[in-house]
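Take a look at the structure set out below.
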Amino acid sequence: MSDLDAMYQEIILDHYKNPHHAGLREPYEAEVHHVNPTCGDEVTLRVHLDSTDDDAVIEDVSYDALGCSISQASVSVLTDLLIGKKVKEALDVHEEFLALMQGRGTVEPDEDVLEDGIAFAGVAKFPARVKCALLGWMAWKDATTQVVARTAGPTEEMA
Amino acid sequence: MSDLDAMYQEIILDHYKNPHHAGLREPYEAEVHHVNPTCGDEVTLRVHLDSTDDDAVIEDVSYDALGCSISQASVSVLTDLLIGKKVKEALDVHEEFLALMQGRGTVEPDEDVLEDGIAFAGVAKFPARVKCALLGWMAWKDATTQVVARTAGPTEEMA
Amino acid sequence: MPRNLPGLLDGLELIRQDFPILGRTMADGHPLVYLDSANTSQKPQVVIDTMVDHLERHNANVARAVHQLGGEATEAYEAGREKVAAFIGAQRDEVVFTKNASEALNLVANTLAWAEGDLRVGPGDEVLITEMEHHSNIVPWQLLTERTGATLRWFGLTDDGRLDLSNIDELVNERTKVVSLTWVSNMLGTINPVREIADRAHAAGALVVVDASQAVPQMPVDVVASGADLLAFTGHKVVGPTGIGVLWGCRDVLEKLPPFLGGGEMIRTVTMERSTYADVPSKFEAGTPPIVEAVGLGAAVDYLGHVGMENVRRHEEAITGYLLDGLSSVKGLSILGPKDPHDRGGAVSFELDQVHPHDVAQLLDSRGVAVRAGHHCTKPAHQRYGVQASVRASSYLYTTPEEIDALVEGLEYTKKYFRVD
Amino acid sequence: MPRNLPGLLDGLELIRQDFPILGRTMADGHPLVYLDSANTSQKPQVVIDTMVDHLERHNANVARAVHQLGGEATEAYEAGREKVAAFIGAQRDEVVFTKNASEALNLVANTLAWAEGDLRVGPGDEVLITEMEHHSNIVPWQLLTERTGATLRWFGLTDDGRLDLSNIDELVNERTKVVSLTWVSNMLGTINPVREIADRAHAAGALVVVDASQAVPQMPVDVVASGADLLAFTGHKVVGPTGIGVLWGCRDVLEKLPPFLGGGEMIRTVTMERSTYADVPSKFEAGTPPIVEAVGLGAAVDYLGHVGMENVRRHEEAITGYLLDGLSSVKGLSILGPKDPHDRGGAVSFELDQVHPHDVAQLLDSRGVAVRAGHHCTKPAHQRYGVQASVRASSYLYTTPEEIDALVEGLEYTKKYFRVD
Ligand SMILES: Cc1ncc(COP(=O)(O)O)c(C=O)c1O
Ligand SMILES: Cc1ncc(COP(=O)(O)O)c(C=O)c1O
């Protein structure tokens with residue numbers, strides 16, 4: 001498989017053409033707007049948690065994304081992966097995805113953790129596109145951190 | 001004669017060690033202070049003309065100079081050359097000296113016009129030192145222009 | 001495929017050989033097809049060699065030294081200034097070296113906040129720009145107007161990618177202090193009627209700043225005829241190095257502007273209490289200037305001068321016409337900006353239906369074709385046309401019709417890859 | 001004459017061979033003796049070659065492009081940042097590329113005028129500098145204080161060329177907003193107790209800016225240990241190219257400062273009405289950055305890193321000691337600044353009785369010995385010592401004892417030429 005085909009996997013193109021959980025929904029506790037300054041890709045993303053404590057469960061992640069196949073597919077996969085998980089677990093998935101993306105193609109993805117997300121392994125070989133893949137994930141972390149930090153008070157921030 | 005000896009002619013070193021017409025004197029119609037910004041050489045220079053019309057005669061040029069042998073000798077030679085001349089004639093001498101200095105060593109100096117000033121022919125081969133040689137001359141022109149322009153009114157400036 | 005388009009540069013193959021990078025082979029063995037020259041141009045060997053010779057044999061700081069190397073370096077640096085001045089029809093003392101076009105534009109915007117007298121921009125004053133500006137000709141004016149209480153206004157754009165001058169009588173008025181606009185758009189390719197607008201601005205008493213970053217590389221530029229009071233461009237787009245830009249200003253205006261950056265070489269004298277400043281252009285060149293860059297830029301404009309800017313312009317028109325034709329043949333592709341090669345520059349932005357610009361650029365890149373994707377630092381113009389991002393192909397004097405063919409084939413391949421028809 | 005001074009770099013002859021210009025023959029067949037490294041340093045072949053390779057094979061604009069060349073250029077540029085960060089013990093995001101040290105210092109002075117909250121400098125505030133600063137660390141603060149109504153104050157100097165700290169309790173007070181000082185003087189060679197002063201400044205709540213233009217080339221620098229909040233230096237003095245400088249700042253401070261120059265790459269998003277800005281360091285890098293210069297600077301600090309800055313410092317101490325001894329042997333010569341090589345840098349300024357510095361430099365140059373003559377952009381310090389100009393000899397890692405001998409012989413020759421005894 002060429003590097004190109006490894007990046008544009010069927011799964012990615014499917015998510016791009018038919019994004020899951022797209023659109024902005026109520027209720028939500030935090031909404032963020034992230035931009036990739038170099039290329040202009042944008043995402044507005046909302047998170048809805050069932051509580052604000054350590055065991056909070058992610059009830060919903062909704063979004064409105066403008067951008068390339070990679071950035072759109074990536075946020076779509078994110079919603080599949082994270083909705084229904086505890087925030088704690090979701091942060092581990094986030095870490096795993098980050099490590100995969102920043103590994104320059106040397107990190108072996110764990111399918112048990114990342115599911116469809118393993119399709120992004122090929123993106124890691126294209127440094128210019130890693131930011132696309134991470135846009136939604138960074139937005140999700142930012143929004144989630146805001147909800148938890150807001151209730152936890154200023155001294156106790158999330159890692 | 002080496003280029004160095006051609007620059008540091010006896011005449012120049014004599015003027016440097018025993019500058020003519022040094023010091024600031026009264027009366028004067030204009031005083032200027034010029035600095036060579038790159039090296040810090042300074043000259044304060046006064047001109048005293050006997051009138052302010054076209055036929056004005058330079059009664060005195062007095063100065064206080066801080067700087068290298070070239071800049072000091074050059075203003076000393078200037079006073080020898082210009083005091084007693086009509087402004088009009090002095091401007092021609094100024095032109096001639098300028099042409100010599102900016103000629104990069106290709107201009108043959110006219111001894112009838114420049115007298116001791118021809119000793120500066122060797123300086124023209126050292127672009128970094130041309131500014132030293134011109135410092136006093138630029139100051140003189142500036143001061144003289146001020147006197148004549150002041151009386152001539154704003155519309156009729158000197159060339 | 002027409003190897004001999006009318007207007008192409010004579011000896012195009014020889015010119016290409018002057019640019020070592022054009023011989024590169026990219027991933028999977030594809031030859032490089034560089035269509036991103038509006039972003040930065042490639043460098044001919046003579047520019048590189050001139051810089052190397054300077055670094056290996058003549059390197060020293062300038063203006064400050066009596067020694068031979070210092071003399072050689074100063075001469076080389078100032079020769080760079082003279083060459084640039086000659087290239088744009090300016091006096092040498094009117095050419096200020098900055099680090100890029102952005103600094104040049106910021107220099108102007110910044111000093112207008114502190115100028116004395118007429119030039120000073122303050123509350124109630126208006127600064128007029130256009131909706132097609134590069135961010136580097138927007139943000140400095142936003143900062144200026146925010147900080148001084150002045151008002152920022154702008155010309156809008158017509159649907160076909162030109163300045164909308166219909167409300168010029170209202171926009172250019174007695175409150176207008178500055179009109180700053182791009183000569184050639186780096187996104188739409190539009191060539192603006194700079195002289196006409198400058199005349200209007202001058203009649204209203206405004207200062208005219210021209211962003212010539214895309215004009216100087218592509219066509220003969222005479223700064224005086226342009227009508228500008230101040231004009232900026234950047235070294236790396238005229239086959240010169242990065243790290244150097246040019247601000248040209250008419251002497252009178254440059255003299256009236258207060259200093260921008262303070263430091264070595266821009267002073268006349270310094271005491272702890274106060275300083276006085278050197279004459280232009282030194283007044284605006286604080287610290288050690290881009291020396292080897294000025295040397296390289298001198299070689300660059302010499303190179304362009306030898307080719308002849310009239311010829312470069314004709315080449316660009318020919319290639320751009322061929323490019324516009326090629327793009328029009330691709331179904332689902334829409335071009336942003338004027339469609340006639342005669343009144344536009346060589347940057348052509350477009351969208352391809354159902355494929356995001358990033359993905360287009362990625363597919364083209366997999367075939368060695370380098371284009372830019374994104375907003376090209378013109379977000380407002382993209383927004384004006386309801387476009388979030390676009391693909392931009394931009395040619396230069398080394399571009400061949402075959403490279404345009406490779407682009408067009410690459411676009412068809414892209415559509416196939418993403419199953420668009 | 002001691003060919004083997006203790007402390008000299010191992011393999012000095014090999015190191016010299018890395019610098020092509022050192023092989024040059026000057027007028028009348030004299031070999032080049034370059035003793036003007038405090039003005040600008042010479043460049044090793046590896047720096048030149050790395051720049052050439054970049055220009056010939058990897059040239060593209062950075063950050064903006066999806067294509068392979070753009071990726072390579074971006075990687076090379078950011079690798080330059082990483083190398084610089086590692087070289088000074090910084091985080092990569094804390095390293096801002098400017099055009100030179102002067103721009104870095106102006107960036108700080110300029111943004112403090114517009115900062116929000118605590119950092120903003122306004123009426124009643126005091127900015128504290130020293131009388132031994134380079135003009136580039138004086139004029140920006142004069143412009144800032146003049147424009148904001150703040151007050152500029154300064155440490156005086158002792159007769160032996162050090163900071164006079166006797167009134168530090170009065171000078172560093174609750175009104176002190178900024179303390180900006182040089183680490184190593186480019187005229188006197190003095191190494192200042194930067195950490196001690198920084199601690200005092202911090203205790204008073206002031207921001208500490210360090211001009212490390214002469215420190216980073218000469219000794220191991222750890223920005224965090226220095227006590228600085230912000231620190232500036234310049235590429236061309238660390239065997240790198242012109243056209244690039246470095247501003248290091250601790251993240252927290254950089255984040256609080258408003259943008260300086262506006263334009264491409266420093267934005268998050270732009271509309272005609274308003275813009276938001278990118279994260280540091282991009283926020284401070286408007287327009288196309290000095291790309292090939294960052295690549296060259298990366299190679300330069302790599303080179304110095306391989307030699308080892310501890311070794312460079314030892315070499316400089318050895319040579320400076322030898323230089324001070326040599327100069328002391330010349331009758332009628334007086335040295336400005338500290339006489340002990342262990343607590344000073346490698347720039348030594350001096351006067352020769354009855355011969356003006358220009359004439360000294362000219363005579364030395366006629367023998368191939370390159371020194372600087374003038375005020376070295378430190379007019380106030382010259383004035384402090386009642387000196388209008390001086391000669392400065394400055395060494396670097398490629399300087400040999402034999403070159404110092406040539407200088408001393410040249411000085412004796414100068415005296416003879418001007419008939420001074
Ligand atoms: C102590 C000091 N500060 C600042 C500078 C300014 O550096 P640059 O001219 O590269 O801006 C220099 C060198 O000229 C210097 O020696
Ligand atoms: C129209 C226009 N203006 C300004 C600039 C800014 O030039 P630089 O990035 O060299 O400062 C560019 C290029 O990026 C441009 O195309």
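Just so we're on the same page: first chain in the structure tokens is A, next is B, and so on; residues restart at 1 for each chain, and ligands are numbered from 1 in the order they show up.
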
Surrounding residues as a ChimeraX atom specification, ligand 1, max 9 Å, only C-alpha atoms and all ligand atoms: /C:61,263-265,286-289 /D:38-40,99-105,132-137,182-187,211-215,232-237,242-245,376-378

Chain D contacts on chain A, only C-alpha atoms, 7 Å, as a short mmCIF file (atom, residue, chain, number, x, y, z; two decimals) with all heavy atoms, in the first residue's frame:
data_model
loop_
_atom_site.label_atom_id
_atom_site.label_comp_id
_atom_site.auth_asym_id
_atom_site.auth_seq_id
_atom_site.Cartn_x
_atom_site.Cartn_y
_atom_site.Cartn_z
N VAL A 35 -9.22 26.54 15.64
CA VAL A 35 -8.82 26.82 14.27
C VAL A 35 -7.40 26.32 14.09
O VAL A 35 -6.58 26.43 14.98
CB VAL A 35 -8.83 28.35 14.02
CG1 VAL A 35 -8.39 28.67 12.60
CG2 VAL A 35 -10.20 28.93 14.30
N PRO A 37 -4.40 27.54 12.50
CA PRO A 37 -4.09 28.87 11.92
C PRO A 37 -3.40 28.77 10.56
O PRO A 37 -3.61 29.64 9.71
CB PRO A 37 -3.14 29.52 12.93
CG PRO A 37 -3.07 28.63 14.11
CD PRO A 37 -3.64 27.29 13.74
N THR A 38 -2.64 27.74 10.33
CA THR A 38 -1.91 27.71 9.07
C THR A 38 -2.82 27.39 7.89
O THR A 38 -2.59 27.86 6.80
CB THR A 38 -0.75 26.69 9.12
OG1 THR A 38 -1.19 25.50 9.73
CG2 THR A 38 0.41 27.25 9.91
N CYS A 39 -3.86 26.58 8.10
CA CYS A 39 -4.66 26.19 6.94
C CYS A 39 -6.10 26.66 7.02
O CYS A 39 -6.81 26.67 6.04
CB CYS A 39 -4.63 24.69 6.74
SG CYS A 39 -5.45 23.81 8.06
N ALA A 128 2.52 17.49 7.94
CA ALA A 128 1.64 18.64 7.67
C ALA A 128 0.18 18.29 7.97
O ALA A 128 -0.64 19.18 8.20
CB ALA A 128 1.79 19.10 6.22
#

Backbone DSSP call of alpha helix (DSSP H) for stretch 151-270 of chain C, listed as an NGL selection string: :C and (168-171 or 194-203 or 223-226 or 251-256)

Using only C-alpha atoms and all ligand atoms: which of D:Val330, D:Leu324, D:Pro290, D:Pro281 has the shortest distance to ligand 2: D:Pro290

For A:Ala119: contacts at 7 Å, only C-alpha atoms, fewer than 2 positions along chain excluded, given as number ranges by chain: A: 9, 11-12, 116-117, 121-122

Every residue of stretch 77-118 of chain C that DSSP places in strand (DSSP E or B), as a VMD selection string: chain C and resid 95 to 98

Residue nearest ligand 2 among C:Ala389, C:Val280, C:Leu107, C:Val307 (counting only C-alpha atoms and all ligand atoms):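 When distances to ligand 2 are compared using only C-alpha atoms and all ligand atoms, the smallest one comes from C:Leu107.
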
Shell of 10 Å around C:Arg24, only C-alpha atoms, local chain residues under 4 positions omitted, as a VMD selection string: (chain C and resid 20 29 to 33 368) or (chain D and resid 56 to 58)

Best match for closeness to ligand 2 among C:His375, C:Lys415, C:Arg162, C:Lys283, counting only C-alpha atoms and all ligand atoms: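 Closest to ligand 2, using only C-alpha atoms and all ligand atoms: C:His375.
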
Coordinates-based distance that separates atom CA of C:Asn4 from atom CA of C:Val46 (Å, one decimal): 26.7 Å

Polymer residues at most 7 Å from C:Glu310, only C-alpha atoms, same-chain spacing of 2 or more positions, as number ranges by chain: C: 219-220, 308, 312-314

Pairwise distance for atom CA of C:Arg92 and atom CA of C:Ala299, rounded to one decimal in Å: 16.1 Å
